[in-house]
Structure formats: C-alpha cells, structure tokens
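Below is upload_20.cif, holding mmCIF, C-alpha atoms and all ligand atoms.
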data_work
#
loop_
_atom_site.label_atom_id
_atom_site.label_comp_id
_atom_site.auth_asym_id
_atom_site.auth_seq_id
_atom_site.Cartn_x
_atom_site.Cartn_y
_atom_site.Cartn_z
CA MET A 1 0.00 0.00 0.00
CA ARG A 2 1.42 3.35 -0.94
CA PRO A 3 1.35 5.90 1.85
CA PRO A 4 -1.99 7.67 1.92
CA ALA A 5 -1.58 11.24 0.75
CA GLY A 6 -2.52 13.18 3.80
CA ALA A 7 -5.51 10.99 4.54
CA ILE A 8 -6.57 10.69 8.13
CA GLN A 9 -6.72 7.05 9.11
CA GLY A 10 -7.47 5.16 12.28
CA GLY A 11 -4.12 4.38 13.87
CA ALA A 12 -5.15 1.58 16.17
CA GLY A 13 -7.03 -0.30 13.49
CA TRP A 14 -10.74 -0.23 12.98
CA PRO A 15 -13.30 -1.56 15.39
CA GLU A 16 -14.18 -5.22 14.88
CA ARG A 17 -17.38 -5.20 12.95
CA VAL A 18 -18.65 -8.32 11.30
CA LEU A 19 -21.83 -8.23 9.38
CA PRO A 20 -23.58 -11.58 9.59
CA GLN A 21 -25.82 -12.18 6.64
CA ALA A 22 -28.44 -14.75 5.87
CA ASP A 23 -26.95 -17.74 4.17
CA ILE A 24 -29.08 -19.69 1.81
CA HIS A 25 -27.85 -22.83 0.12
CA PRO A 26 -24.83 -22.39 -2.05
CA ARG A 27 -24.27 -24.81 -4.87
CA SER A 28 -20.56 -24.63 -4.87
CA VAL A 29 -18.05 -22.78 -2.80
CA VAL A 30 -14.40 -23.38 -3.29
CA PRO A 31 -12.05 -21.12 -1.46
CA ALA A 32 -8.75 -20.02 -2.84
CA CYS A 33 -5.78 -21.73 -1.28
CA ARG A 34 -5.78 -21.13 2.38
CA ALA A 35 -3.19 -21.21 5.09
CA PRO A 36 -3.59 -24.01 7.65
CA LEU A 37 -6.75 -23.45 9.60
CA PRO A 38 -6.41 -21.77 12.96
CA ARG A 39 -7.63 -24.02 15.75
CA PRO A 40 -10.22 -22.20 17.76
CA GLY A 41 -9.00 -22.58 21.31
CA THR A 42 -11.32 -21.10 23.88
CA SER A 43 -13.44 -19.36 21.31
CA SER A 44 -16.78 -18.27 22.63
CA VAL A 45 -19.69 -19.91 20.93
CA THR A 46 -22.47 -17.44 20.51
CA HIS A 47 -26.12 -18.31 20.13
CA GLU A 48 -25.93 -17.29 16.53
CA ASP A 49 -23.06 -19.71 15.92
CA THR A 50 -24.91 -22.62 17.53
CA ALA A 51 -28.03 -21.95 15.51
CA SER A 52 -26.06 -21.75 12.33
CA THR A 53 -24.21 -25.00 13.16
CA ASP A 54 -27.54 -26.84 13.37
CA HIS A 55 -28.67 -25.12 10.24
CA HIS A 56 -25.49 -26.11 8.43
CA ARG A 57 -25.75 -29.73 9.49
CA ALA A 58 -29.35 -29.96 8.32
CA ALA A 59 -28.44 -28.35 5.00
CA PHE A 60 -25.44 -30.68 4.64
CA LEU A 61 -27.64 -33.75 5.24
CA ALA A 62 -30.32 -32.52 2.83
CA ASP A 63 -27.72 -31.80 0.14
CA VAL A 64 -26.02 -35.19 0.53
CA VAL A 65 -29.29 -37.15 0.51
CA ALA A 66 -30.52 -35.23 -2.54
CA GLY A 67 -27.18 -35.61 -4.31
CA LEU A 68 -26.92 -39.35 -3.70
CA SER A 69 -30.55 -39.79 -4.81
CA ALA A 70 -29.92 -38.18 -8.20
CA PRO A 71 -29.61 -40.36 -11.32
CA VAL A 72 -25.91 -39.47 -11.47
CA LYS A 73 -24.83 -39.40 -7.84
CA GLN A 74 -23.12 -36.24 -6.65
CA ILE A 75 -21.92 -34.43 -3.53
CA PRO A 76 -21.68 -30.61 -3.60
CA PRO A 77 -18.01 -29.56 -3.57
CA LYS A 78 -18.35 -26.98 -0.83
CA TYR A 79 -18.36 -29.84 1.68
CA PHE A 80 -14.75 -30.65 0.89
CA TYR A 81 -13.59 -27.86 3.14
CA ASP A 82 -13.73 -28.99 6.74
CA ASP A 83 -10.49 -28.61 8.76
CA ALA A 84 -8.88 -31.73 7.27
CA GLY A 85 -10.07 -30.87 3.77
CA SER A 86 -8.77 -27.32 3.99
CA GLU A 87 -5.38 -28.61 5.06
CA LEU A 88 -5.31 -31.12 2.22
CA PHE A 89 -6.27 -28.37 -0.21
CA ASP A 90 -3.32 -26.31 0.99
CA ARG A 91 -1.14 -29.28 0.15
CA ILE A 92 -2.74 -29.53 -3.31
CA CYS A 93 -1.67 -25.94 -3.93
CA GLU A 94 1.95 -26.96 -3.29
CA LEU A 95 1.94 -30.03 -5.54
CA PRO A 96 4.30 -30.05 -8.53
CA GLU A 97 1.41 -31.15 -10.79
CA TYR A 98 -0.95 -28.42 -9.59
CA TYR A 99 0.19 -25.48 -11.69
CA VAL A 100 -2.86 -23.32 -10.89
CA THR A 101 -1.83 -21.59 -7.65
CA ARG A 102 1.81 -21.24 -8.62
CA THR A 103 1.01 -19.75 -12.02
CA GLU A 104 -1.61 -17.35 -10.74
CA THR A 105 0.62 -16.12 -7.93
CA ALA A 106 3.48 -15.56 -10.38
CA ILE A 107 1.20 -13.49 -12.65
CA LEU A 108 -0.07 -11.42 -9.72
CA ARG A 109 3.53 -10.86 -8.65
CA ASP A 110 5.05 -10.18 -12.06
CA TYR A 111 2.34 -7.75 -13.11
CA ALA A 112 1.57 -6.27 -9.71
CA ARG A 113 2.40 -2.73 -10.83
CA ASP A 114 0.26 -2.96 -13.99
CA ILE A 115 -2.58 -4.45 -12.03
CA GLY A 116 -2.32 -1.75 -9.39
CA ASP A 117 -2.39 0.92 -12.09
CA ALA A 118 -5.39 -0.66 -13.81
CA LEU A 119 -7.41 -0.74 -10.59
CA GLY A 120 -6.40 2.79 -9.71
CA ALA A 121 -6.37 4.74 -6.48
CA ARG A 122 -8.80 4.51 -3.55
CA VAL A 123 -10.50 1.23 -4.39
CA MET A 124 -12.67 -0.76 -2.07
CA LEU A 125 -11.46 -4.32 -2.54
CA ILE A 126 -14.11 -7.02 -2.01
CA GLU A 127 -13.05 -10.69 -1.87
CA PRO A 128 -15.83 -13.31 -2.01
CA GLY A 129 -14.77 -16.63 -0.45
CA SER A 130 -11.66 -15.03 0.99
CA GLY A 131 -10.72 -18.07 3.08
CA SER A 132 -7.58 -17.04 4.90
CA SER A 133 -7.01 -14.00 2.66
CA ALA A 134 -3.67 -15.46 1.53
CA LYS A 135 -3.39 -13.65 -1.82
CA VAL A 136 -4.78 -10.20 -1.18
CA HIS A 137 -1.47 -8.81 0.11
CA LEU A 138 -0.16 -9.05 -3.46
CA LEU A 139 -2.68 -6.35 -4.35
CA LEU A 140 -2.65 -4.34 -1.15
CA ASP A 141 1.13 -3.97 -1.49
CA VAL A 142 0.77 -2.15 -4.80
CA LEU A 143 -2.62 -0.41 -4.68
CA GLU A 144 -2.55 3.32 -4.22
CA ASP A 145 -4.30 4.32 -1.03
CA PRO A 146 -6.93 1.55 -0.94
CA VAL A 147 -9.98 2.64 1.03
CA ALA A 148 -11.15 -0.67 2.45
CA TYR A 149 -10.83 -4.45 2.26
CA VAL A 150 -14.05 -6.47 2.50
CA PRO A 151 -13.45 -10.23 2.94
CA VAL A 152 -16.65 -12.26 2.49
CA GLU A 153 -16.38 -15.72 4.00
CA ILE A 154 -18.84 -18.33 5.26
CA SER A 155 -16.32 -19.68 7.77
CA ARG A 156 -16.50 -16.81 10.24
CA GLU A 157 -13.90 -17.84 12.82
CA HIS A 158 -11.45 -18.79 10.12
CA MET A 159 -11.89 -15.40 8.46
CA LEU A 160 -11.51 -13.40 11.66
CA ALA A 161 -8.36 -15.28 12.71
CA SER A 162 -6.73 -14.63 9.35
CA LEU A 163 -7.30 -10.87 9.47
CA ALA A 164 -4.84 -10.16 12.28
CA PRO A 165 -1.75 -10.27 10.03
CA LEU A 166 -3.48 -7.94 7.56
CA ARG A 167 -4.34 -5.44 10.28
CA GLU A 168 -0.73 -5.49 11.34
CA ARG A 169 0.65 -5.10 7.83
CA TYR A 170 -1.82 -2.40 6.73
CA PRO A 171 -2.58 -0.43 9.89
CA GLY A 172 -4.41 2.35 8.02
CA LEU A 173 -6.64 0.05 5.99
CA GLU A 174 -10.27 -0.23 6.96
CA ILE A 175 -11.21 -3.93 7.09
CA LEU A 176 -14.91 -4.71 6.93
CA PRO A 177 -15.41 -8.50 7.19
CA VAL A 178 -18.73 -9.95 6.08
CA ALA A 179 -19.76 -13.38 7.36
CA ALA A 180 -21.80 -14.69 4.46
CA ASP A 181 -22.05 -17.31 1.78
CA PHE A 182 -21.12 -15.31 -1.28
CA THR A 183 -23.14 -17.52 -3.63
CA ALA A 184 -26.28 -16.44 -1.77
CA GLY A 185 -25.62 -12.75 -2.28
CA PHE A 186 -24.37 -10.26 0.26
CA THR A 187 -24.55 -6.57 1.06
CA VAL A 188 -21.39 -4.52 0.84
CA PRO A 189 -20.81 -2.48 4.01
CA GLU A 190 -20.08 1.22 3.75
CA SER A 191 -16.56 2.36 4.30
CA THR A 192 -15.69 5.47 6.27
CA ARG A 193 -14.03 7.04 3.26
CA GLU A 194 -15.78 7.19 -0.08
CA PRO A 195 -14.04 4.79 -2.53
CA ALA A 196 -13.28 5.81 -6.12
CA ARG A 197 -14.60 2.38 -7.19
CA ARG A 198 -15.40 -1.07 -5.92
CA VAL A 199 -13.33 -3.95 -7.22
CA VAL A 200 -14.26 -7.59 -6.63
CA PHE A 201 -11.23 -9.90 -6.29
CA PHE A 202 -12.02 -13.52 -7.24
CA PRO A 203 -8.82 -15.55 -7.69
CA GLY A 204 -8.04 -19.27 -7.80
CA SER A 205 -10.17 -20.04 -10.86
CA THR A 206 -13.03 -20.70 -8.48
CA ILE A 207 -15.25 -19.40 -11.29
CA GLY A 208 -14.41 -22.68 -13.10
CA ASN A 209 -16.04 -24.70 -10.34
CA PHE A 210 -19.45 -23.41 -11.40
CA ARG A 211 -21.39 -24.66 -14.40
CA PRO A 212 -21.42 -21.98 -17.11
CA ASP A 213 -24.98 -20.85 -16.32
CA ASP A 214 -24.18 -20.57 -12.61
CA ALA A 215 -20.90 -18.84 -13.45
CA LEU A 216 -22.90 -16.28 -15.43
CA THR A 217 -25.26 -15.73 -12.50
CA LEU A 218 -22.30 -15.27 -10.19
CA LEU A 219 -20.50 -12.84 -12.51
CA SER A 220 -23.74 -10.86 -12.88
CA ARG A 221 -23.96 -10.67 -9.11
CA PHE A 222 -20.37 -9.46 -8.93
CA ALA A 223 -21.25 -6.82 -11.53
CA ALA A 224 -24.02 -5.61 -9.26
CA VAL A 225 -21.66 -5.62 -6.27
CA ALA A 226 -19.02 -3.66 -8.22
CA GLY A 227 -21.61 -1.11 -9.35
CA PRO A 228 -21.24 1.38 -12.21
CA GLY A 229 -17.57 2.12 -12.84
CA GLY A 230 -16.55 -0.87 -10.70
CA GLY A 231 -14.45 -3.87 -11.68
CA LEU A 232 -13.69 -7.54 -11.18
CA LEU A 233 -10.16 -8.92 -10.92
CA LEU A 234 -10.67 -12.55 -11.89
CA GLY A 235 -8.35 -15.56 -11.90
CA ALA A 236 -9.43 -17.87 -14.72
CA ASP A 237 -7.70 -21.08 -15.70
CA LEU A 238 -7.35 -21.70 -19.44
CA ARG A 239 -7.90 -24.71 -21.69
CA LYS A 240 -4.84 -26.83 -22.21
CA SER A 241 -3.74 -30.38 -22.92
CA PRO A 242 -5.35 -33.12 -20.82
CA ALA A 243 -1.80 -34.35 -20.31
CA VAL A 244 -1.33 -31.31 -18.08
CA LEU A 245 -4.86 -31.07 -16.71
CA GLU A 246 -5.48 -34.60 -15.52
CA PRO A 247 -2.35 -34.95 -13.36
CA ALA A 248 -3.11 -31.53 -11.82
CA TYR A 249 -6.26 -33.11 -10.42
CA ASP A 250 -4.79 -36.57 -9.80
CA ASP A 251 -1.30 -36.15 -8.40
CA SER A 252 1.21 -38.95 -7.97
CA ALA A 253 1.45 -38.45 -4.20
CA GLY A 254 -2.29 -39.10 -3.85
CA VAL A 255 -3.06 -35.83 -2.07
CA THR A 256 -5.98 -34.95 -4.35
CA ALA A 257 -7.32 -38.48 -3.93
CA ALA A 258 -7.17 -38.09 -0.14
CA PHE A 259 -8.84 -34.67 -0.44
CA ASN A 260 -11.64 -36.13 -2.53
CA ARG A 261 -12.22 -39.13 -0.26
CA ASN A 262 -12.16 -36.91 2.84
CA VAL A 263 -15.68 -35.77 2.03
CA LEU A 264 -16.86 -39.35 2.70
CA THR A 265 -15.07 -39.35 6.07
CA ARG A 266 -16.74 -36.05 6.85
CA ILE A 267 -20.17 -37.46 5.98
CA ASN A 268 -19.49 -40.40 8.30
CA ARG A 269 -18.45 -38.14 11.15
CA GLU A 270 -20.95 -35.32 10.84
CA LEU A 271 -23.97 -37.12 9.42
CA GLY A 272 -23.47 -40.59 10.89
CA GLY A 273 -22.83 -42.21 7.51
CA ASP A 274 -21.18 -45.61 7.04
CA PHE A 275 -19.08 -45.02 3.92
CA ASP A 276 -15.95 -47.13 3.55
CA PRO A 277 -13.72 -44.46 1.93
CA GLY A 278 -11.30 -47.22 0.91
CA ALA A 279 -14.03 -48.72 -1.27
CA PHE A 280 -14.00 -45.64 -3.55
CA ARG A 281 -11.29 -44.65 -5.99
CA HIS A 282 -10.44 -41.07 -6.98
CA ARG A 283 -10.62 -40.28 -10.69
CA ALA A 284 -9.95 -37.06 -12.65
CA LEU A 285 -11.33 -37.04 -16.19
CA TRP A 286 -11.05 -34.40 -18.89
CA ASN A 287 -14.49 -33.94 -20.47
CA GLU A 288 -13.62 -32.38 -23.81
CA PRO A 289 -17.09 -31.31 -25.05
CA GLU A 290 -17.88 -29.65 -21.71
CA SER A 291 -14.33 -28.30 -21.43
CA ARG A 292 -13.94 -29.36 -17.83
CA VAL A 293 -12.01 -31.65 -15.55
CA GLU A 294 -14.41 -33.83 -13.59
CA MET A 295 -13.55 -35.25 -10.20
CA HIS A 296 -15.22 -38.51 -9.36
CA LEU A 297 -15.24 -41.06 -6.55
CA VAL A 298 -15.76 -44.45 -8.20
CA SER A 299 -17.28 -47.33 -6.26
CA LEU A 300 -14.87 -50.29 -6.33
CA ARG A 301 -17.66 -52.83 -5.76
CA ASP A 302 -21.38 -53.28 -5.45
CA GLN A 303 -22.19 -51.83 -2.06
CA ARG A 304 -24.88 -50.26 0.10
CA VAL A 305 -24.16 -47.14 2.14
CA HIS A 306 -26.37 -45.42 4.72
CA VAL A 307 -26.57 -41.71 5.43
CA GLY A 308 -29.09 -40.30 7.89
CA GLY A 309 -31.23 -43.45 7.78
CA THR A 310 -31.41 -43.58 3.99
CA ALA A 311 -29.76 -46.43 2.06
CA PHE A 312 -27.89 -45.80 -1.19
CA ASP A 313 -26.85 -48.59 -3.53
CA PHE A 314 -23.74 -48.41 -5.66
CA ARG A 315 -22.79 -50.64 -8.55
CA ALA A 316 -19.13 -51.51 -9.08
CA GLY A 317 -17.69 -48.73 -11.28
CA GLU A 318 -20.48 -46.26 -10.48
CA PRO A 319 -19.16 -42.73 -9.85
CA ILE A 320 -20.10 -39.96 -7.46
CA VAL A 321 -19.38 -36.61 -9.12
CA THR A 322 -17.72 -34.35 -6.56
CA GLU A 323 -16.34 -31.42 -8.56
CA TYR A 324 -16.10 -29.78 -11.95
CA SER A 325 -13.29 -27.47 -12.96
CA HIS A 326 -14.23 -25.72 -16.21
CA LYS A 327 -11.44 -24.39 -18.37
CA TYR A 328 -12.07 -21.36 -20.56
CA THR A 329 -10.54 -19.86 -23.65
CA LEU A 330 -9.88 -16.12 -23.46
CA ALA A 331 -12.67 -15.61 -26.00
CA GLY A 332 -15.05 -17.82 -24.02
CA MET A 333 -14.44 -15.91 -20.81
CA ALA A 334 -14.79 -12.57 -22.60
CA ASP A 335 -18.16 -13.73 -23.89
CA LEU A 336 -19.31 -14.76 -20.41
CA ALA A 337 -18.02 -11.48 -18.96
CA GLN A 338 -19.91 -9.49 -21.56
CA GLN A 339 -23.16 -11.35 -20.88
CA ALA A 340 -22.69 -10.49 -17.20
CA GLY A 341 -22.36 -6.79 -17.98
CA PHE A 342 -18.58 -6.53 -17.92
CA ARG A 343 -16.04 -5.81 -20.61
CA VAL A 344 -12.50 -7.13 -20.53
CA GLU A 345 -10.20 -4.22 -19.79
CA GLN A 346 -6.93 -6.14 -19.51
CA VAL A 347 -5.63 -9.72 -19.42
CA TRP A 348 -2.35 -10.93 -17.96
CA THR A 349 -1.12 -14.47 -18.60
CA ASP A 350 1.96 -16.57 -18.06
CA GLU A 351 4.30 -17.41 -20.92
CA GLN A 352 2.60 -20.73 -21.67
CA GLU A 353 -0.86 -19.14 -21.51
CA TRP A 354 -1.94 -21.68 -18.94
CA PHE A 355 -3.67 -19.21 -16.65
CA SER A 356 -5.14 -15.73 -16.88
CA VAL A 357 -5.69 -12.88 -14.50
CA GLN A 358 -8.29 -10.59 -16.00
CA TYR A 359 -9.52 -7.13 -15.13
CA LEU A 360 -13.16 -6.77 -16.12
CA VAL A 361 -14.91 -3.43 -15.81
CA ARG A 362 -18.50 -2.28 -15.89
N1 LIG A 401 -10.57 -23.94 -7.92
C1 LIG A 401 -9.74 -25.13 -7.86
C2 LIG A 401 -9.60 -25.71 -9.26
O1 LIG A 401 -10.60 -25.97 -9.89
C3 LIG A 401 -10.28 -26.13 -6.90
C4 LIG A 401 -9.58 -27.48 -6.87
C5 LIG A 401 -8.29 -27.72 -7.09
C6 LIG A 401 -10.11 -28.74 -6.61
N2 LIG A 401 -8.00 -29.07 -6.96
C7 LIG A 401 -9.09 -29.70 -6.68
C8 LIG A 401 -11.38 -29.16 -6.30
C9 LIG A 401 -9.32 -31.05 -6.48
C10 LIG A 401 -11.59 -30.51 -6.11
C11 LIG A 401 -10.58 -31.43 -6.20
O2 LIG A 401 -8.50 -25.87 -9.72
#
Written as structure tokens, that's how I'd like the structure from this file.
Amino acid sequence: MRPPAGAIQGGAGWPERVLPQADIHPRSVVPACRAPLPRPGTSSVTHEDTASTDHHRAAFLADVVAGLSAPVKQIPPKYFYDDAGSELFDRICELPEYYVTRTETAILRDYARDIGDALGARVMLIEPGSGSSAKVHLLLDVLEDPVAYVPVEISREHMLASLAPLRERYPGLEILPVAADFTAGFTVPESTREPARRVVFFPGSTIGNFRPDDALTLLSRFAAVAGPGGGLLLGADLRKSPAVLEPAYDDSAGVTAAFNRNVLTRINRELGGDFDPGAFRHRALWNEPESRVEMHLVSLRDQRVHVGGTAFDFRAGEPIVTEYSHKYTLAGMADLAQQAGFRVEQVWTDEQEWFSVQYLVR
C-alpha cells in the first residue's frame, strides 16, 4: 500500500465489525488456497453460531441425501472444506502437478504494478470466499491508497483469525469483514471514506467450479456488487492439454485423492454415515465437449451405504461426481463477462498461456 496522501486514518485499526448475513444454500463454494486453519482454542460460541451449526448440518444432510438420490450421484463440492479438507487443499496448492496456484501467484507478482495501475487509487477491494485472505497482500502492497478491504467468508472464525496479520501489515486500511455465503448474495458495508470504485477480487479459478450458467449468475452478481464504474479482478484457468490437466487433479502423491475421499469421512463423522472411503477410488477425467475436468469417486464394488437413515446402492464402477473445474478460452471468458455486464479491460497471462488474471470493468 502506498502511503496515503494526507488521509486521516485510524491508527489503532478499525473496530471489529462483522456483518452476519443470511446464508441460503450455495451450490458450490471453493475457497482459494488457504493457510492451515487456525484451531479455535477457547473461542466463545455465541447463540448465533450454535443456531447456524444446526442449520449447516441440516443443510449438509439434505444436500447429501438429494445428491446421492440423483440419477448421477453427486456431492456438492463446498463440503470438501472442513479442517482436514482445507489442510489437504493447501497441500494440493503446493503439488508439482498443480500449476494453478503457482502460475496465478506468479502473474499477480510479475504484473503487480500494472494491475495496481489498472485498478487505480482509492479502491474498495471485495473478496468473495476469501478463506484465509492469503493472496490479497499481493494487491494491497501495490494499490494506491486503498480505502477498504471487505473479505466475504462463510467460515466466520477462520476469516476473523486470518485478518490479524493484515491489520498489522496495513494499519491504516479499513477492514470490513462480512460473514456470508457469497453464492447467496451479500450486502457490501459502507466504508468510512468514499471509494473511487469497488473492485471484486475472485482468484483461484473458483469461477471454473461453477457450471457456465451458474458462473454467469455469479458474474452478474459481482457486476451488481461492483456497481457502475466498478471492476472484477478474476483468476481464470485456461484450456490446455489433458496431459497437463489430468495430473493436476490426480497427483502422484495421492493428495488430491485423499482430499476427494475426505468428504466421505466427513459425511461419516458429521452425518453418521457408514461409507468405507477405501471402497471408492479417486478419478480425474477431462471432459472435452464440456471443457472441464471432472472429479469422481468411483465405487470399487457393489455396495450399500447409509446416510441419515437412507440407504444408497452403488454398482461396481459407479461414480459420485464431486467437482467440476471448467477451463475457458480467453474468447469464451470474454463472452461470459460481456453477458454479465462486464467488458475485458486487460488480461495478464503466463508465458505458456496456462492461466489468466483478467480485469473486467463495468
Ligand atoms: N478452484 C480449484 C480448481 O478448480 C479447486 C480445486 C483444485 C479442486 N484441486 C481440486 C477441487 C481437487 C476438487 C478437487 O482448480
């Protein structure tokens, strides 16, 4: 962050103010790579937290039962990210085969100045699904006098714990955390200073984890959040050879396989299921016509599994679909952006054109 030009800023940081918002049922929430989850020690459980825990469990059960009852069985990907899953995902981000995080971070680093110039001075930076806010410092370090940072994260405790380092590093920055599921919509809090524009930051190619129609809905929502004159800084993975894509989602060390199977362990623990995770095999498949990598858990034998009193039968070889990761061409993403009310202002890529960071404006 460049020194604010004569702006008066709160020295001791801004008062803790979290805006809880109603969460409806997201279809898919995949955070950007996160740091290891902080363990809540003696954290006080408020009434609101308890109520939302019950609510979350009921929604989890309903989603799993509905997903496993569908003609092609599926489990919504947002349930990957319990403590163990979040830690495994951090390890995915470090894998030699997983080029996504490494490439995106390099682009953000290499073009930090350009990106800072494109976004301009006095932005309000809004990050949906901020997780542990691990990437935003790359922007805050180069932005000119940013007005506020608004992390939006469903995992409230996780979000709050990860803000301390940011407060320390950017003492003059107003941080306005919002506890909400970004796929359900959220209200942007007002900052003390008037921003020149709002910019939504959505890295990690999380946009690819939505089906194209849902991705369009989400981008349209971001356009509304950004408002007239606002922007979206988007990380979007690009189409490439399946020889690169498939190993990125099925690494030789088996970390992605463990991450995928962990959702079954979580169902057993939180919903009283009786999955044998060892009886399912991880598979990553490039679906060419749909331009996406599909993550599956394939039943190794005929078996019956129970979740919440309901029985589900699997045939040997039958998959559960757990995640899609759509890959776009630059033209395809520009088309989607335009339908959502944005135009592509600037695109930064790596040398191999594996990944893109795009600045879309309204
Ligand atoms: N946004 C990430 C991606 O699509 C999420 C992700 C990476 C992921 N590896 C995964 C999701 C493995 C499920 C399984 O690249």
Ligand LIG 401 (chain A), all listed atoms, 5 Å padding on each side: what axis-aligned box centre and edge lengths in Å to one decimal come out, as lines of an AutoDock Vina configuration file?
center_x = -9.8
center_y = -27.7
center_z = -8.0
size_x = 13.6
size_y = 17.5
size_z = 13.8
Item checked: Within 10 Å of file point (-23.6, -13.4, -13.5), counting only C-alpha atoms, expressed as number ranges by chain -> A: 212-224, 336-342
Item checked: Residue among A:Phe312, A:Tyr81, A:Tyr170, A:Tyr111 lying closest to ligand LIG 401 (chain A), counting all atoms listed in the file ->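 Going through A:Phe312, A:Tyr81, A:Tyr170, A:Tyr111 one by one, the smallest distance to ligand LIG 401 (chain A) is for A:Tyr81.
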Item checked: Å distance separating CA of Leu300 in chain A from CA of Ala253 in chain A, one decimal place -> 20.3 Å
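Distances here use all atoms listed in the file; by that measure, the residue among A:Pro189, A:Pro203, A:Pro195, A:Pro77 closest to Thr103 in chain A is A:Pro203.
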Notebook entry, point to check: Please, what distance in Å, to one decimal, runs between CA of Asp251 in chain A and CA of Tyr324 in chain A?
Noted result: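 Rounded to one decimal, the two atoms are 16.5 Å apart.
Near ligand LIG 401 (chain A), the residues found within 8 Å are Val30, Pro31, Ala32, Pro77, Phe80, Phe89, Ile92, Cys93, Tyr98, Val100, Gly204, Ser205, Thr206, Ile207, Gly208, Asn209, Asp237, Ala248, Tyr249, Asp250, Thr256, Phe259, Asn260, Met295, Thr322, Glu323, Tyr324, Ser325 and His326 of chain A (criterion computed using only C-alpha atoms and all ligand atoms).
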With a cut-off of 10 Å, could you pull out the residues of range 277-353 of chain A touching range 63-75 of chain A and give me the nearest pair of atoms for each, distance in Å to one decimal, using all atoms listed in the file, ordered by chain and ascending number, as JSON lines?
{"residue": "A:His296", "atom": "CA", "partner": "A:Gln74", "partner_atom": "CA", "distance": 8.7}
{"residue": "A:Leu297", "atom": "CA", "partner": "A:Gln74", "partner_atom": "CA", "distance": 9.2}
{"residue": "A:His306", "atom": "CA", "partner": "A:Val65", "partner_atom": "CA", "distance": 9.7}
{"residue": "A:Val307", "atom": "CA", "partner": "A:Val65", "partner_atom": "CA", "distance": 7.2}
{"residue": "A:Gly308", "atom": "CA", "partner": "A:Val65", "partner_atom": "CA", "distance": 8.0}
{"residue": "A:Gly309", "atom": "CA", "partner": "A:Val65", "partner_atom": "CA", "distance": 9.8}
{"residue": "A:Thr310", "atom": "CA", "partner": "A:Val65", "partner_atom": "CA", "distance": 7.6}
{"residue": "A:Ala311", "atom": "CA", "partner": "A:Val65", "partner_atom": "CA", "distance": 9.4}
{"residue": "A:Phe312", "atom": "CA", "partner": "A:Leu68", "partner_atom": "CA", "distance": 7.0}
{"residue": "A:Asp313", "atom": "CA", "partner": "A:Leu68", "partner_atom": "CA", "distance": 9.2}
{"residue": "A:Phe314", "atom": "CA", "partner": "A:Lys73", "partner_atom": "CA", "distance": 9.3}
{"residue": "A:Glu318", "atom": "CA", "partner": "A:Lys73", "partner_atom": "CA", "distance": 8.5}
{"residue": "A:Pro319", "atom": "CA", "partner": "A:Lys73", "partner_atom": "CA", "distance": 6.9}
{"residue": "A:Ile320", "atom": "CA", "partner": "A:Lys73", "partner_atom": "CA", "distance": 4.8}
{"residue": "A:Val321", "atom": "CA", "partner": "A:Gln74", "partner_atom": "CA", "distance": 4.5}
{"residue": "A:Thr322", "atom": "CA", "partner": "A:Ile75", "partner_atom": "CA", "distance": 5.2}
{"residue": "A:Glu323", "atom": "CA", "partner": "A:Ile75", "partner_atom": "CA", "distance": 8.1}
Check: Between A:Ser133, A:Arg57, A:Pro128, A:Ile175, which one has atoms that come closest to Val152 in chain A, using all atoms listed in the file?
Finding: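 Using all atoms listed in the file, Val152 in chain A sits closest to A:Pro128.
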Notebook entry, point to check: What is the distance, in Å and to one decimal place, between CA of Leu119 in chain A and CA of Asp145 in chain A?
Noted result: 11.3 Å
Check: Excluding same-chain residues fewer than 6 positions from Gly230 in chain A, what lies within 6 Å of it counting all atoms listed in the file, as a PyMOL selection string?
Finding: chain A and resi 197-199+361-362
Write out, as a CSV table (one decimal), keeping the file's coordinate frame, the residues just selected, with C-alpha atoms.
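Final output, saved to again09.csv:
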chain,number,residue,atom,x,y,z
A,197,ARG,CA,-14.6,2.4,-7.2
A,198,ARG,CA,-15.4,-1.1,-5.9
A,199,VAL,CA,-13.3,-4.0,-7.2
A,361,VAL,CA,-14.9,-3.4,-15.8
A,362,ARG,CA,-18.5,-2.3,-15.9
Next item on the list: Measuring atom to atom with only C-alpha atoms, identify which of A:Leu264, A:Ala196, A:Ala279, A:Ile107 is nearest to Lys135 in chain A.
Entry: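 Checking each candidate against Lys135 in chain A, we get A:Ile107 as the closest.
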Checklist line | Counting all atoms listed in the file, the option among A:Ala84, A:Leu245, A:Ala59, A:Ala257 closest to Leu285 in chain A | finding: A:Leu245
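Of the listed residues (A:Asp181, A:Glu288, A:Asp90, A:Glu168), A:Asp181 comes nearest to Gly129 in chain A; the distances count only C-alpha atoms.
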Check: Got a sec: who's within 9 Å of Val244 in chain A, counting only C-alpha atoms, leaving out chain neighbours fewer than 3 positions off, as JSON, numbers by chain?
Finding: {"A": [97, 98, 99, 240, 241, 247, 248]}
May I ask you to restore N, CA and C atoms in range 278-289 of chain A and write the result as an mmCIF file, keeping the file's coordinate frame?
data_model
loop_
_atom_site.group_PDB
_atom_site.id
_atom_site.type_symbol
_atom_site.label_atom_id
_atom_site.label_comp_id
_atom_site.auth_asym_id
_atom_site.auth_seq_id
_atom_site.Cartn_x
_atom_site.Cartn_y
_atom_site.Cartn_z
ATOM 1 N N GLY A 278 -12.222 -46.374 1.648
ATOM 2 C CA GLY A 278 -11.300 -47.220 0.910
ATOM 3 C C GLY A 278 -11.981 -47.980 -0.231
ATOM 4 N N ALA A 279 -13.300 -47.993 -0.234
ATOM 5 C CA ALA A 279 -14.030 -48.720 -1.270
ATOM 6 C C ALA A 279 -14.391 -47.798 -2.440
ATOM 7 N N PHE A 280 -13.809 -46.593 -2.441
ATOM 8 C CA PHE A 280 -14.000 -45.640 -3.550
ATOM 9 C C PHE A 280 -12.646 -45.173 -4.040
ATOM 10 N N ARG A 281 -12.541 -45.058 -5.354
ATOM 11 C CA ARG A 281 -11.290 -44.650 -5.990
ATOM 12 C C ARG A 281 -11.459 -43.264 -6.584
ATOM 13 N N HIS A 282 -10.443 -42.422 -6.395
ATOM 14 C CA HIS A 282 -10.440 -41.070 -6.980
ATOM 15 C C HIS A 282 -10.154 -41.151 -8.476
ATOM 16 N N ARG A 283 -10.876 -40.333 -9.256
ATOM 17 C CA ARG A 283 -10.620 -40.280 -10.690
ATOM 18 C C ARG A 283 -10.766 -38.840 -11.164
ATOM 19 N N ALA A 284 -9.843 -38.381 -12.007
ATOM 20 C CA ALA A 284 -9.950 -37.060 -12.650
ATOM 21 C C ALA A 284 -10.027 -37.288 -14.147
ATOM 22 N N LEU A 285 -11.085 -36.801 -14.765
ATOM 23 C CA LEU A 285 -11.330 -37.040 -16.190
ATOM 24 C C LEU A 285 -11.511 -35.740 -16.927
ATOM 25 N N TRP A 286 -10.825 -35.560 -18.034
ATOM 26 C CA TRP A 286 -11.050 -34.400 -18.890
ATOM 27 C C TRP A 286 -12.258 -34.674 -19.770
ATOM 28 N N ASN A 287 -13.286 -33.842 -19.641
ATOM 29 C CA ASN A 287 -14.490 -33.940 -20.470
ATOM 30 C C ASN A 287 -14.359 -32.871 -21.551
ATOM 31 N N GLU A 288 -13.954 -33.300 -22.728
ATOM 32 C CA GLU A 288 -13.620 -32.380 -23.810
ATOM 33 C C GLU A 288 -14.820 -31.528 -24.263
ATOM 34 N N PRO A 289 -15.982 -32.150 -24.591
ATOM 35 C CA PRO A 289 -17.090 -31.310 -25.050
ATOM 36 C C PRO A 289 -17.538 -30.272 -24.018
#
